[in-house]
$ cat data14.cif   # mmCIF, C-alpha atoms
data_data
loop_
_atom_site.label_atom_id
_atom_site.label_comp_id
_atom_site.auth_asym_id
_atom_site.auth_seq_id
_atom_site.Cartn_x
_atom_site.Cartn_y
_atom_site.Cartn_z
CA MET A 1 -11.42 69.29 16.14
CA PHE A 2 -11.29 72.91 14.94
CA VAL A 3 -8.12 74.92 14.65
CA VAL A 4 -7.76 78.53 13.46
CA VAL A 5 -4.36 80.00 12.69
CA ALA A 6 -4.44 83.30 14.53
CA HIS A 7 -2.78 85.48 11.89
CA LEU A 8 -5.16 84.44 9.10
CA PRO A 9 -7.38 87.14 7.64
CA ALA A 10 -10.83 86.73 9.17
CA GLN A 11 -12.48 86.21 5.78
CA ARG A 12 -10.35 83.06 5.16
CA ALA A 13 -10.84 81.44 8.56
CA ILE A 14 -13.63 78.90 8.94
CA SER A 15 -16.10 79.84 11.64
CA PRO A 16 -16.71 77.23 14.35
CA ALA A 17 -20.41 77.08 13.39
CA LYS A 18 -19.64 76.47 9.71
CA TRP A 19 -17.06 73.81 10.53
CA ALA A 20 -19.40 72.09 12.98
CA ALA A 21 -22.12 71.95 10.32
CA PHE A 22 -19.69 70.45 7.83
CA THR A 23 -18.38 67.80 10.22
CA ARG A 24 -21.95 66.76 11.09
CA THR A 25 -22.61 66.23 7.39
CA PHE A 26 -19.27 64.44 6.98
CA ASP A 27 -19.97 62.05 9.85
CA ALA A 28 -23.57 61.44 8.78
CA TYR A 29 -22.69 60.46 5.24
CA THR A 30 -19.76 58.26 6.24
CA ASP A 31 -21.88 56.52 8.88
CA SER A 32 -24.79 56.00 6.49
CA ASP A 33 -22.42 54.26 4.08
CA ARG A 34 -20.88 52.11 6.83
CA VAL A 35 -17.46 53.70 6.36
CA VAL A 36 -15.18 52.48 9.15
CA GLY A 37 -12.82 55.46 9.28
CA ALA A 38 -12.31 58.82 7.60
CA SER A 39 -10.38 62.05 7.92
CA VAL A 40 -10.42 65.55 6.43
CA ALA A 41 -8.07 68.54 6.62
CA VAL A 42 -8.54 72.06 5.24
CA LEU A 43 -5.64 74.39 4.49
CA HIS A 44 -5.19 78.08 3.92
CA ASP A 45 -1.88 79.62 2.89
CA GLY A 46 -0.10 76.32 3.41
CA ARG A 47 -1.33 75.69 6.97
CA VAL A 48 -3.99 73.35 8.28
CA VAL A 49 -6.77 75.56 9.64
CA ALA A 50 -9.25 72.78 10.41
CA HIS A 51 -9.19 69.00 10.57
CA HIS A 52 -11.54 66.23 11.65
CA GLU A 53 -11.16 62.50 12.22
CA HIS A 54 -14.04 60.03 12.43
CA GLY A 55 -14.34 56.32 13.12
CA PHE A 56 -11.71 53.61 13.32
CA ALA A 57 -8.37 52.88 11.69
CA ASP A 58 -8.64 49.31 13.00
CA ARG A 59 -12.14 48.45 14.15
CA ALA A 60 -11.28 45.03 15.61
CA ARG A 61 -8.71 46.60 17.95
CA GLY A 62 -10.81 49.67 18.67
CA GLN A 63 -8.08 51.94 17.28
CA ARG A 64 -9.56 55.31 16.35
CA VAL A 65 -8.55 57.46 13.39
CA THR A 66 -6.20 60.20 14.60
CA GLU A 67 -4.04 62.91 13.05
CA ARG A 68 -1.27 60.31 12.75
CA THR A 69 -3.32 57.72 10.88
CA ILE A 70 -1.76 56.65 7.58
CA PHE A 71 -4.08 56.22 4.60
CA HIS A 72 -3.40 55.08 1.05
CA TYR A 73 -3.87 57.67 -1.71
CA ALA A 74 -3.97 55.45 -4.80
CA SER A 75 -4.15 57.46 -8.03
CA ILE A 76 -3.19 60.75 -6.39
CA THR A 77 0.28 59.19 -6.74
CA LYS A 78 0.07 59.97 -10.47
CA THR A 79 0.64 63.63 -9.69
CA LEU A 80 4.06 62.69 -8.24
CA THR A 81 4.94 60.80 -11.41
CA ALA A 82 3.88 63.77 -13.52
CA ILE A 83 5.93 66.21 -11.45
CA ALA A 84 8.96 63.93 -11.91
CA ILE A 85 8.45 64.05 -15.69
CA MET A 86 8.25 67.85 -15.57
CA GLN A 87 11.46 67.95 -13.55
CA LEU A 88 13.25 65.93 -16.24
CA ARG A 89 11.77 68.20 -18.91
CA ASP A 90 13.18 71.24 -17.13
CA ARG A 91 16.60 69.57 -16.92
CA GLY A 92 16.63 69.06 -20.67
CA LEU A 93 16.47 65.27 -20.47
CA LEU A 94 13.20 64.96 -22.38
CA ALA A 95 10.48 66.92 -24.16
CA LEU A 96 6.79 66.40 -23.48
CA ASP A 97 6.16 65.80 -27.18
CA ASP A 98 8.77 63.06 -27.39
CA PRO A 99 7.34 59.71 -28.53
CA ILE A 100 7.05 57.22 -25.72
CA LEU A 101 8.79 54.67 -27.96
CA ARG A 102 12.03 56.63 -27.57
CA TYR A 103 12.13 55.51 -23.94
CA VAL A 104 9.87 52.43 -23.85
CA PRO A 105 10.41 50.67 -27.21
CA GLU A 106 8.56 47.61 -25.93
CA LEU A 107 5.29 49.48 -26.59
CA ARG A 108 5.74 49.01 -30.33
CA ARG A 109 4.14 45.60 -29.72
CA VAL A 110 0.78 47.27 -28.94
CA HIS A 111 -1.67 47.17 -31.85
CA ASP A 112 -2.44 50.62 -33.25
CA ALA A 113 -5.18 50.62 -35.86
CA PHE A 114 -4.96 54.42 -36.19
CA GLY A 115 -1.42 54.60 -37.52
CA SER A 116 1.88 54.13 -35.75
CA MET A 117 2.68 53.87 -32.06
CA ASP A 118 5.31 56.53 -32.81
CA SER A 119 2.49 59.09 -32.54
CA VAL A 120 1.97 58.46 -28.81
CA THR A 121 3.75 61.17 -26.80
CA LEU A 122 4.60 61.72 -23.17
CA ARG A 123 2.17 64.65 -23.11
CA MET A 124 -0.67 62.37 -24.25
CA LEU A 125 0.14 59.87 -21.52
CA LEU A 126 0.17 62.62 -18.89
CA SER A 127 -3.32 63.69 -20.03
CA HIS A 128 -4.76 60.17 -20.38
CA ALA A 129 -5.18 60.80 -24.10
CA ALA A 130 -2.89 58.15 -25.59
CA GLY A 131 -5.64 55.69 -26.50
CA PHE A 132 -5.03 52.96 -23.93
CA GLN A 133 -7.90 51.04 -22.38
CA THR A 134 -9.78 52.42 -19.41
CA PRO A 135 -9.81 49.18 -17.34
CA THR A 136 -6.55 48.87 -15.48
CA TRP A 137 -5.55 45.30 -16.22
CA PRO A 138 -8.42 43.39 -17.90
CA TYR A 139 -6.65 40.06 -17.48
CA THR A 140 -7.96 38.80 -14.16
CA GLU A 141 -11.04 36.95 -12.98
CA GLY A 142 -10.56 37.97 -9.37
CA LYS A 143 -9.55 34.54 -8.14
CA PRO A 144 -7.75 34.41 -4.78
CA TRP A 145 -4.54 33.01 -6.25
CA GLN A 146 -4.22 35.81 -8.81
CA PRO A 147 -2.04 38.82 -7.88
CA PHE A 148 -3.76 41.99 -6.75
CA GLU A 149 -1.87 43.87 -9.46
CA PRO A 150 0.81 42.83 -11.98
CA THR A 151 4.06 42.44 -10.07
CA ASP A 152 6.81 42.61 -12.72
CA TRP A 153 7.59 44.71 -15.79
CA SER A 154 8.03 41.47 -17.73
CA GLN A 155 4.35 40.69 -17.16
CA LEU A 156 3.31 43.98 -18.74
CA VAL A 157 5.61 43.45 -21.70
CA ALA A 158 4.14 40.00 -22.23
CA MET A 159 0.65 41.57 -22.32
CA MET A 160 1.52 44.22 -24.90
CA PRO A 161 0.89 42.11 -28.05
CA TYR A 162 -2.64 41.55 -26.70
CA GLN A 163 -3.37 45.26 -26.20
CA GLU A 164 -4.69 47.79 -28.67
CA LEU A 165 -5.26 51.51 -28.78
CA LEU A 166 -8.98 52.21 -28.59
CA PHE A 167 -8.97 55.65 -30.23
CA LYS A 168 -6.67 57.93 -32.17
CA PRO A 169 -3.91 59.14 -29.84
CA GLY A 170 -4.40 62.74 -28.76
CA SER A 171 -8.06 62.89 -29.83
CA ARG A 172 -9.79 62.59 -26.45
CA PHE A 173 -9.57 61.65 -22.77
CA SER A 174 -9.81 58.10 -21.43
CA TYR A 175 -8.43 57.38 -17.97
CA SER A 176 -5.71 54.76 -18.08
CA ASN A 177 -3.49 53.49 -15.30
CA PRO A 178 -0.99 51.67 -17.56
CA GLY A 179 0.09 54.96 -19.14
CA TYR A 180 1.62 56.05 -15.84
CA ILE A 181 3.59 52.82 -15.56
CA TYR A 182 5.10 53.67 -18.94
CA LEU A 183 5.92 57.19 -17.73
CA ALA A 184 7.60 55.67 -14.67
CA ARG A 185 9.81 53.60 -17.01
CA VAL A 186 10.89 56.84 -18.67
CA ILE A 187 11.96 58.21 -15.27
CA GLU A 188 13.83 55.03 -14.41
CA ARG A 189 15.64 54.76 -17.73
CA LEU A 190 16.74 58.40 -17.78
CA THR A 191 17.87 58.60 -14.15
CA GLY A 192 18.97 55.07 -13.32
CA ASP A 193 16.91 55.20 -10.12
CA PRO A 194 13.91 53.02 -9.33
CA TRP A 195 10.78 55.20 -9.43
CA GLU A 196 10.34 55.10 -5.65
CA THR A 197 13.96 56.17 -5.06
CA TYR A 198 13.77 59.03 -7.55
CA VAL A 199 10.52 60.39 -6.09
CA GLN A 200 11.81 60.05 -2.53
CA LYS A 201 15.02 61.97 -3.35
CA ASN A 202 13.53 64.64 -5.60
CA ILE A 203 10.01 65.28 -4.26
CA LEU A 204 9.26 63.77 -0.86
CA SER A 205 12.51 64.56 0.95
CA PRO A 206 12.90 68.20 -0.15
CA LEU A 207 9.25 68.86 0.73
CA GLY A 208 9.67 67.31 4.19
CA LEU A 209 7.21 64.44 3.68
CA THR A 210 8.96 62.32 6.29
CA ARG A 211 6.15 59.84 6.94
CA SER A 212 5.30 59.10 3.31
CA TYR A 213 6.30 55.79 1.75
CA PHE A 214 5.43 53.31 -1.00
CA GLY A 215 4.60 49.62 -0.75
CA ALA A 216 4.82 47.79 2.57
CA THR A 217 4.60 49.87 5.74
CA PRO A 218 7.91 50.40 7.58
CA TYR A 219 7.94 48.81 11.00
CA TYR A 220 8.23 52.12 12.86
CA LEU A 221 5.04 53.42 11.20
CA ALA A 222 3.01 50.20 11.41
CA ALA A 223 1.08 51.26 14.52
CA ASP A 224 -0.39 54.23 12.63
CA ARG A 225 -1.33 52.43 9.41
CA SER A 226 -5.08 52.18 8.80
CA HIS A 227 -6.68 48.92 7.80
CA ASN A 228 -8.85 49.00 4.70
CA TYR A 229 -12.28 47.44 4.35
CA TYR A 230 -14.78 46.23 1.78
CA ALA A 231 -18.39 46.77 2.79
CA ARG A 232 -20.65 44.41 0.83
CA ARG A 233 -24.37 43.79 0.77
CA ASP A 234 -25.70 40.35 -0.06
CA SER A 235 -28.23 40.85 -2.86
CA ALA A 236 -30.33 37.91 -1.68
CA THR A 237 -30.52 38.61 2.06
CA GLY A 238 -29.86 42.35 2.11
CA ARG A 239 -27.36 41.81 4.92
CA ASP A 240 -24.21 43.89 5.15
CA THR A 241 -20.82 42.24 5.51
CA LEU A 242 -17.65 44.11 6.43
CA ILE A 243 -14.43 42.53 5.20
CA ASP A 244 -11.21 43.60 6.90
CA ASN A 245 -8.41 43.51 4.29
CA GLY A 246 -5.73 44.27 6.83
CA ALA A 247 -3.26 47.14 6.66
CA ASP A 248 -1.02 46.39 3.68
CA PHE A 249 -1.43 45.01 0.19
CA ASP A 250 0.98 44.56 -2.70
CA PRO A 251 0.47 47.10 -5.50
CA GLY A 252 3.22 45.41 -7.47
CA ILE A 253 4.49 47.24 -10.55
CA THR A 254 1.62 49.73 -10.27
CA ILE A 255 3.16 51.82 -7.46
CA PRO A 256 3.85 54.83 -9.78
CA ASN A 257 0.14 55.10 -10.58
CA GLY A 258 -1.15 54.37 -7.10
CA GLY A 259 1.29 53.59 -4.31
CA TRP A 260 1.48 56.61 -1.99
CA ASN A 261 0.85 56.06 1.74
CA ALA A 262 0.93 58.92 4.24
CA PRO A 263 -0.85 60.67 7.11
CA LEU A 264 -2.93 63.69 6.11
CA ALA A 265 -0.23 66.02 7.50
CA ASP A 266 2.19 64.91 4.77
CA VAL A 267 -0.44 65.40 2.08
CA ALA A 268 -1.09 68.85 3.56
CA ARG A 269 2.60 69.71 3.10
CA TYR A 270 2.32 68.56 -0.50
CA LEU A 271 -0.72 70.80 -0.98
CA ALA A 272 1.22 73.71 0.51
CA PHE A 273 3.82 73.13 -2.21
CA LEU A 274 1.13 72.96 -4.90
CA THR A 275 -0.34 76.27 -3.74
CA ASN A 276 3.16 77.78 -3.39
CA SER A 277 2.34 78.71 0.21
CA ALA A 278 5.15 79.33 2.66
CA PRO A 279 4.28 82.38 4.78
CA HIS A 280 7.37 84.28 5.93
CA ASP A 281 9.65 81.36 4.91
CA THR A 282 11.77 82.27 1.92
CA ALA A 283 13.92 79.16 2.36
CA LEU A 284 10.85 76.95 1.96
CA LEU A 285 9.73 78.88 -1.13
CA THR A 286 13.19 78.38 -2.61
CA ARG A 287 12.91 74.65 -1.94
CA TYR A 288 9.48 74.58 -3.62
CA GLY A 289 11.05 76.13 -6.71
CA ALA A 290 13.86 73.60 -6.64
CA VAL A 291 11.32 70.77 -6.70
CA LEU A 292 9.30 72.39 -9.51
CA PRO A 293 8.75 76.05 -10.37
CA HIS A 294 5.18 77.14 -9.73
CA ARG A 295 4.81 78.22 -13.36
CA ASP A 296 5.29 74.55 -14.31
CA LEU A 297 2.45 73.54 -11.98
CA GLN A 298 0.25 76.20 -13.55
CA GLU A 299 1.15 74.73 -16.94
CA MET A 300 0.02 71.33 -15.68
CA TRP A 301 -3.32 72.81 -14.58
CA GLN A 302 -4.31 74.08 -18.02
CA PRO A 303 -7.40 72.15 -19.26
CA ARG A 304 -6.64 69.94 -22.25
CA TYR A 305 -9.55 67.49 -22.66
CA PRO A 306 -13.03 67.28 -21.14
CA THR A 307 -13.47 64.12 -19.10
CA ASP A 308 -17.11 63.66 -20.18
CA LEU A 309 -17.54 63.83 -23.95
CA GLN A 310 -21.35 63.80 -23.82
CA ALA A 311 -21.45 66.67 -21.32
CA SER A 312 -18.94 68.53 -23.46
CA ALA A 313 -21.13 68.10 -26.52
CA ARG A 314 -24.05 69.57 -24.55
CA GLY A 315 -21.89 72.46 -23.40
CA SER A 316 -22.23 71.40 -19.77
CA ALA A 317 -18.84 69.83 -19.02
CA ASP A 318 -17.56 70.77 -15.56
CA GLU A 319 -14.34 68.73 -15.46
CA SER A 320 -11.25 68.59 -17.65
CA ILE A 321 -7.84 66.96 -17.47
CA GLY A 322 -4.61 68.90 -17.66
CA LEU A 323 -1.23 67.19 -17.23
CA ALA A 324 -2.13 64.64 -14.53
CA PHE A 325 -4.27 67.11 -12.57
CA PHE A 326 -8.03 67.49 -13.05
CA VAL A 327 -9.74 70.86 -13.32
CA LEU A 328 -13.18 70.87 -11.67
CA ARG A 329 -15.43 73.89 -12.24
CA ARG A 330 -18.01 74.98 -9.72
CA GLY A 331 -19.58 78.24 -10.83
CA THR A 332 -16.79 80.71 -11.48
CA THR A 333 -14.22 78.75 -9.46
CA ALA A 334 -11.83 76.24 -11.02
CA PHE A 335 -10.53 73.72 -8.47
CA ILE A 336 -7.41 71.67 -9.20
CA GLY A 337 -7.16 68.16 -7.85
CA HIS A 338 -7.16 64.40 -8.14
CA THR A 339 -9.01 61.44 -6.66
CA GLY A 340 -7.79 58.02 -5.64
CA GLY A 341 -9.27 54.61 -4.98
CA GLN A 342 -7.51 51.26 -4.46
CA ALA A 343 -8.18 48.27 -2.26
CA GLY A 344 -10.60 49.73 0.34
CA PHE A 345 -9.11 53.22 0.36
CA THR A 346 -10.70 56.27 -1.27
CA SER A 347 -9.35 59.83 -1.22
CA PHE A 348 -9.26 63.18 -2.95
CA ILE A 349 -7.28 66.42 -2.92
CA TYR A 350 -8.38 69.80 -4.29
CA LEU A 351 -6.93 73.28 -4.20
CA ASN A 352 -8.24 76.69 -5.14
CA PRO A 353 -5.34 78.38 -6.95
CA THR A 354 -6.84 81.86 -6.52
CA THR A 355 -6.99 81.70 -2.70
CA SER A 356 -4.29 79.15 -1.76
CA ASP A 357 -6.97 77.13 0.04
CA ALA A 358 -6.86 73.35 -0.23
CA VAL A 359 -8.40 70.17 1.15
CA VAL A 360 -7.57 66.50 1.55
CA VAL A 361 -10.11 63.79 2.44
CA ALA A 362 -9.45 60.08 3.01
CA PHE A 363 -11.67 57.06 3.70
CA ASN A 364 -10.67 53.49 4.52
CA THR A 365 -13.79 51.67 3.25
CA GLU A 366 -14.94 50.85 -0.27
CA LYS A 367 -18.59 50.42 -1.15
CA GLN A 368 -19.35 47.12 -2.89
CA GLY A 369 -22.98 46.45 -3.70
CA GLY A 370 -24.82 48.72 -1.30
CA THR A 371 -22.58 49.84 1.57
CA GLY A 372 -19.27 51.62 2.01
CA ALA A 373 -18.16 54.98 0.64
CA SER A 374 -20.70 55.37 -2.18
CA ARG A 375 -20.16 57.62 -5.17
CA SER A 376 -23.18 59.77 -4.31
CA SER A 377 -22.01 60.31 -0.73
CA LEU A 378 -18.48 61.12 -1.88
CA GLN A 379 -19.87 63.71 -4.26
CA VAL A 380 -21.91 65.32 -1.48
CA ILE A 381 -18.90 65.42 0.85
CA ARG A 382 -16.68 66.74 -1.95
CA ASP A 383 -19.12 69.52 -2.83
CA ARG A 384 -19.59 70.50 0.82
CA VAL A 385 -15.86 70.68 1.48
CA LEU A 386 -15.24 72.59 -1.76
CA ASP A 387 -17.67 75.21 -0.45
CA LEU A 388 -15.20 75.76 2.39
CA ILE A 389 -12.36 76.67 0.02
CA ARG A 390 -14.34 78.51 -2.67
#
$ encode --input "data14.cif" --output "structure tokens"
Amino acid sequence: MFVVVAHLPAQRAISPAKWAAFTRTFDAYTDSDRVVGASVAVLHDGRVVAHHEHGFADRARGQRVTERTIFHYASITKTLTAIAIMQLRDRGLLALDDPILRYVPELRRVHDAFGSMDSVTLRMLLSHAAGFQTPTWPYTEGKPWQPFEPTDWSQLVAMMPYQELLFKPGSRFSYSNPGYIYLARVIERLTGDPWETYVQKNILSPLGLTRSYFGATPYYLAADRSHNYYARRDSATGRDTLIDNGADFDPGITIPNGGWNAPLADVARYLAFLTNSAPHDTALLTRYGAVLPHRDLQEMWQPRYPTDLQASARGSADESIGLAFFVLRRGTTAFIGHTGGQAGFTSFIYLNPTTSDAVVVAFNTEKQGGTGASRSSLQVIRDRVLDLIR
């Protein structure tokens, strides 16, 4: 489906021919990877100017993906955690260069061969530069009886004596989910609210994200929740198998690094906030500023570490990390965004801060051994959709 907001300047609207060409590419790549369902929305100046839905939210029931379909956004959730930390910074409750041990003393149990754990700061955790391991929780063999993710804080504390920092804190980037659990503990200990409650009260509600939630799907939204799938290829027979994982799964204690569920419309409202776009609505702009001043978001978007050290050494790095957000360079344009992948869901958001254009894409199928949303296809779709907001 193609929608143009009538008052948009002609140069920012997407022509029907250009959008049709993109959606053909989108559908072709998702179909070739056996993706069950997918959706994309493009924004300009805070409004959805084009969107497209493809495939099924529940293939067994023949339920198609629609504008109401609820996907899971996994690690994009980290941007909510980071915004919460910035809010507390602005209220004088913390400083970004505070040691994490001030708020999470349990982390002193982690082995640090490079000095003292006192050197690990909140800023390093926000930028994935604290030295923690890249694998999320390397303590599972994938057996059916094992939890999908750790379920209690006590489990993480028990693991800490068996963890170590892998590099000098603050010296480089290494993506780490546990760091955002530790940041969530900071939020909880300073505010007295569970992470989900704090984020609901201070980010989701003021931005009007009324169909966003964490964890299990509320009953009244269950009909719109997408199932998620694993698409696997048997290496011996070459046959494809599609595994339906159902609608919900338990992210346990990891919700602050990957628990956001929402339809694309809610994510679009979040992107409108990130781009500070509220045409002719001063009340909404005031509410944006109350959530987080735009200058703070711009601070978060400043590149701090390249994500690929080898490319950086060659002088060809095209991606960096700021505070939670990634900075992706394509030519002279720097896009700001984040990706997500958990269970069978894969997604990404990007915005162009110079034009207020933005995009959100979501898939409900993960490639495992030959089928599903493959990395190469995702890159093609990402590059094609970034061309629309360049």
$ closest_residue --input "data14.cif" --among "A:Gly208, A:Gly115, A:Pro150, A:Gly131" --to "Val267 of chain A" --atoms "all atoms listed in the file"
A:Gly208
$ residues_near_point --input "data14.cif" --point "(0.2, 44.8, -7.5)" --cutoff "9 Å" --atoms "only C-alpha atoms" --output "ChimeraX atom specification"
/A:147-152,249-255
$ resolve_selection --input "data14.cif" --expression "the PyMOL selection byres ((chain A and resi 345) around 6)" --output "list in words"
Gly341, Gln342, Ala343, Gly344, Thr346, Phe363, Asn364 and Thr365 of chain A
$ write_last_selection --input "data14.cif" --atoms "C-alpha atoms" --output "compact mmCIF listing (two decimals), in the frame of the given file"
# COMPACT_ATOMS: atom_id res chain seq x y z
CA GLY A 341 -9.27 54.61 -4.98
CA GLN A 342 -7.51 51.26 -4.46
CA ALA A 343 -8.18 48.27 -2.26
CA GLY A 344 -10.60 49.73 0.34
CA THR A 346 -10.70 56.27 -1.27
CA PHE A 363 -11.67 57.06 3.70
CA ASN A 364 -10.67 53.49 4.52
CA THR A 365 -13.79 51.67 3.25
$ atom_distance --input "data14.cif" --atom1 "atom CA of Pro263 of chain A" --atom2 "atom CA of Ala278 of chain A"
20.1 Å
$ resolve_selection --input "data14.cif" --expression "the PyMOL selection byres ((chain A and resi 85-97) around 9)" --output "PDB file with C-alpha atoms, keeping the file's coordinate frame"
ATOM      1  CA  LEU A  80       4.060  62.690  -8.240  1.00  0.00           C
ATOM      2  CA  THR A  81       4.940  60.800 -11.410  1.00  0.00           C
ATOM      3  CA  ALA A  82       3.880  63.770 -13.520  1.00  0.00           C
ATOM      4  CA  ILE A  83       5.930  66.210 -11.450  1.00  0.00           C
ATOM      5  CA  ALA A  84       8.960  63.930 -11.910  1.00  0.00           C
ATOM      6  CA  ASP A  98       8.770  63.060 -27.390  1.00  0.00           C
ATOM      7  CA  PRO A  99       7.340  59.710 -28.530  1.00  0.00           C
ATOM      8  CA  ILE A 100       7.050  57.220 -25.720  1.00  0.00           C
ATOM      9  CA  VAL A 120       1.970  58.460 -28.810  1.00  0.00           C
ATOM     10  CA  THR A 121       3.750  61.170 -26.800  1.00  0.00           C
ATOM     11  CA  LEU A 122       4.600  61.720 -23.170  1.00  0.00           C
ATOM     12  CA  ARG A 123       2.170  64.650 -23.110  1.00  0.00           C
ATOM     13  CA  MET A 124      -0.670  62.370 -24.250  1.00  0.00           C
ATOM     14  CA  LEU A 126       0.170  62.620 -18.890  1.00  0.00           C
ATOM     15  CA  LEU A 183       5.920  57.190 -17.730  1.00  0.00           C
ATOM     16  CA  ALA A 184       7.600  55.670 -14.670  1.00  0.00           C
ATOM     17  CA  VAL A 186      10.890  56.840 -18.670  1.00  0.00           C
ATOM     18  CA  ILE A 187      11.960  58.210 -15.270  1.00  0.00           C
ATOM     19  CA  LEU A 190      16.740  58.400 -17.780  1.00  0.00           C
ATOM     20  CA  THR A 191      17.870  58.600 -14.150  1.00  0.00           C
ATOM     21  CA  ASN A 202      13.530  64.640  -5.600  1.00  0.00           C
ATOM     22  CA  VAL A 291      11.320  70.770  -6.700  1.00  0.00           C
ATOM     23  CA  LEU A 292       9.300  72.390  -9.510  1.00  0.00           C
ATOM     24  CA  ASP A 296       5.290  74.550 -14.310  1.00  0.00           C
ATOM     25  CA  LEU A 297       2.450  73.540 -11.980  1.00  0.00           C
ATOM     26  CA  MET A 300       0.020  71.330 -15.680  1.00  0.00           C
TER      27      MET A 300
END
$ resolve_selection --input "data14.cif" --expression "the PyMOL selection byres ((chain A and resi 52) around 6)" --output "ChimeraX atom specification"
/A:1,39-40,51,53
$ atom_distance --input "data14.cif" --atom1 "atom CA of Gln163 of chain A" --atom2 "atom CA of Tyr182 of chain A"
14.0 Å
$ closest_residue --input "data14.cif" --among "A:Gln155, A:Ser176, A:Gln310, A:Asn261" --to "Ser347 of chain A" --atoms "all atoms listed in the file"
A:Asn261
$ atom_distance --input "data14.cif" --atom1 "atom CA of Arg189 of chain A" --atom2 "atom CA of Asp112 of chain A"
24.2 Å
$ closest_residue --input "data14.cif" --among "A:Gln302, A:Thr286, A:Asn276, A:Asn257" --to "Ser75 of chain A" --atoms "all atoms listed in the file"
A:Asn257
$ residues_near_point --input "data14.cif" --point "(10.2, 75.2, -5.3)" --cutoff "10 Å" --atoms "only C-alpha atoms" --output "PyMOL selection string"
chain A and resi 203+206-207+273-274+276+283-294
$ write_last_selection --input "data14.cif" --atoms "C-alpha atoms" --output "mmCIF file, in the frame of the given file"
data_model
loop_
_atom_site.group_PDB
_atom_site.id
_atom_site.type_symbol
_atom_site.label_atom_id
_atom_site.label_comp_id
_atom_site.auth_asym_id
_atom_site.auth_seq_id
_atom_site.Cartn_x
_atom_site.Cartn_y
_atom_site.Cartn_z
ATOM 1 C CA ILE A 203 10.010 65.280 -4.260
ATOM 2 C CA PRO A 206 12.900 68.200 -0.150
ATOM 3 C CA LEU A 207 9.250 68.860 0.730
ATOM 4 C CA PHE A 273 3.820 73.130 -2.210
ATOM 5 C CA LEU A 274 1.130 72.960 -4.900
ATOM 6 C CA ASN A 276 3.160 77.780 -3.390
ATOM 7 C CA ALA A 283 13.920 79.160 2.360
ATOM 8 C CA LEU A 284 10.850 76.950 1.960
ATOM 9 C CA LEU A 285 9.730 78.880 -1.130
ATOM 10 C CA THR A 286 13.190 78.380 -2.610
ATOM 11 C CA ARG A 287 12.910 74.650 -1.940
ATOM 12 C CA TYR A 288 9.480 74.580 -3.620
ATOM 13 C CA GLY A 289 11.050 76.130 -6.710
ATOM 14 C CA ALA A 290 13.860 73.600 -6.640
ATOM 15 C CA VAL A 291 11.320 70.770 -6.700
ATOM 16 C CA LEU A 292 9.300 72.390 -9.510
ATOM 17 C CA PRO A 293 8.750 76.050 -10.370
ATOM 18 C CA HIS A 294 5.180 77.140 -9.730
#
$ residues_around --input "data14.cif" --residues "Phe335 of chain A" --least-positions-apart "2" --cutoff "9 Å" --atoms "all atoms listed in the file" --output "CSV table (one decimal) with C-alpha atoms, keeping the file's coordinate frame"
chain,number,residue,atom,x,y,z
A,326,PHE,CA,-8.0,67.5,-13.0
A,327,VAL,CA,-9.7,70.9,-13.3
A,328,LEU,CA,-13.2,70.9,-11.7
A,329,ARG,CA,-15.4,73.9,-12.2
A,330,ARG,CA,-18.0,75.0,-9.7
A,333,THR,CA,-14.2,78.8,-9.5
A,337,GLY,CA,-7.2,68.2,-7.8
A,350,TYR,CA,-8.4,69.8,-4.3
A,351,LEU,CA,-6.9,73.3,-4.2
A,352,ASN,CA,-8.2,76.7,-5.1
A,353,PRO,CA,-5.3,78.4,-7.0
A,386,LEU,CA,-15.2,72.6,-1.8
A,390,ARG,CA,-14.3,78.5,-2.7
$ closest_residue --input "data14.cif" --among "A:Pro279, A:Pro105, A:Gly246, A:Pro178" --to "Ala222 of chain A" --atoms "only C-alpha atoms"
A:Gly246
$ closest_residue --input "data14.cif" --among "A:Glu188, A:Glu366, A:Glu106, A:Asp281" --to "Asp33 of chain A" --atoms "all atoms listed in the file"
A:Glu366
$ residues_around --input "data14.cif" --residues "Glu164 of chain A" --least-positions-apart "5" --cutoff "8 Å" --atoms "only C-alpha atoms" --output "list in words"
Val110, His111, Asp112, Ala113, Phe132 and Gln133 of chain A
$ residues_around --input "data14.cif" --residues "Ala272 of chain A" --least-positions-apart "4" --cutoff "8 Å" --atoms "only C-alpha atoms" --output "mmCIF file with C-alpha atoms, in the frame of the given file"
data_model
loop_
_atom_site.group_PDB
_atom_site.id
_atom_site.type_symbol
_atom_site.label_atom_id
_atom_site.label_comp_id
_atom_site.auth_asym_id
_atom_site.auth_seq_id
_atom_site.Cartn_x
_atom_site.Cartn_y
_atom_site.Cartn_z
ATOM 1 C CA LEU A 43 -5.640 74.390 4.490
ATOM 2 C CA ASP A 45 -1.880 79.620 2.890
ATOM 3 C CA GLY A 46 -0.100 76.320 3.410
ATOM 4 C CA ARG A 47 -1.330 75.690 6.970
ATOM 5 C CA ALA A 268 -1.090 68.850 3.560
ATOM 6 C CA ASN A 276 3.160 77.780 -3.390
ATOM 7 C CA SER A 277 2.340 78.710 0.210
ATOM 8 C CA ALA A 278 5.150 79.330 2.660
#
$ closest_residue --input "data14.cif" --among "A:Trp301, A:Met117, A:Thr66, A:Asp383" --to "Gly331 of chain A" --atoms "only C-alpha atoms"
A:Asp383
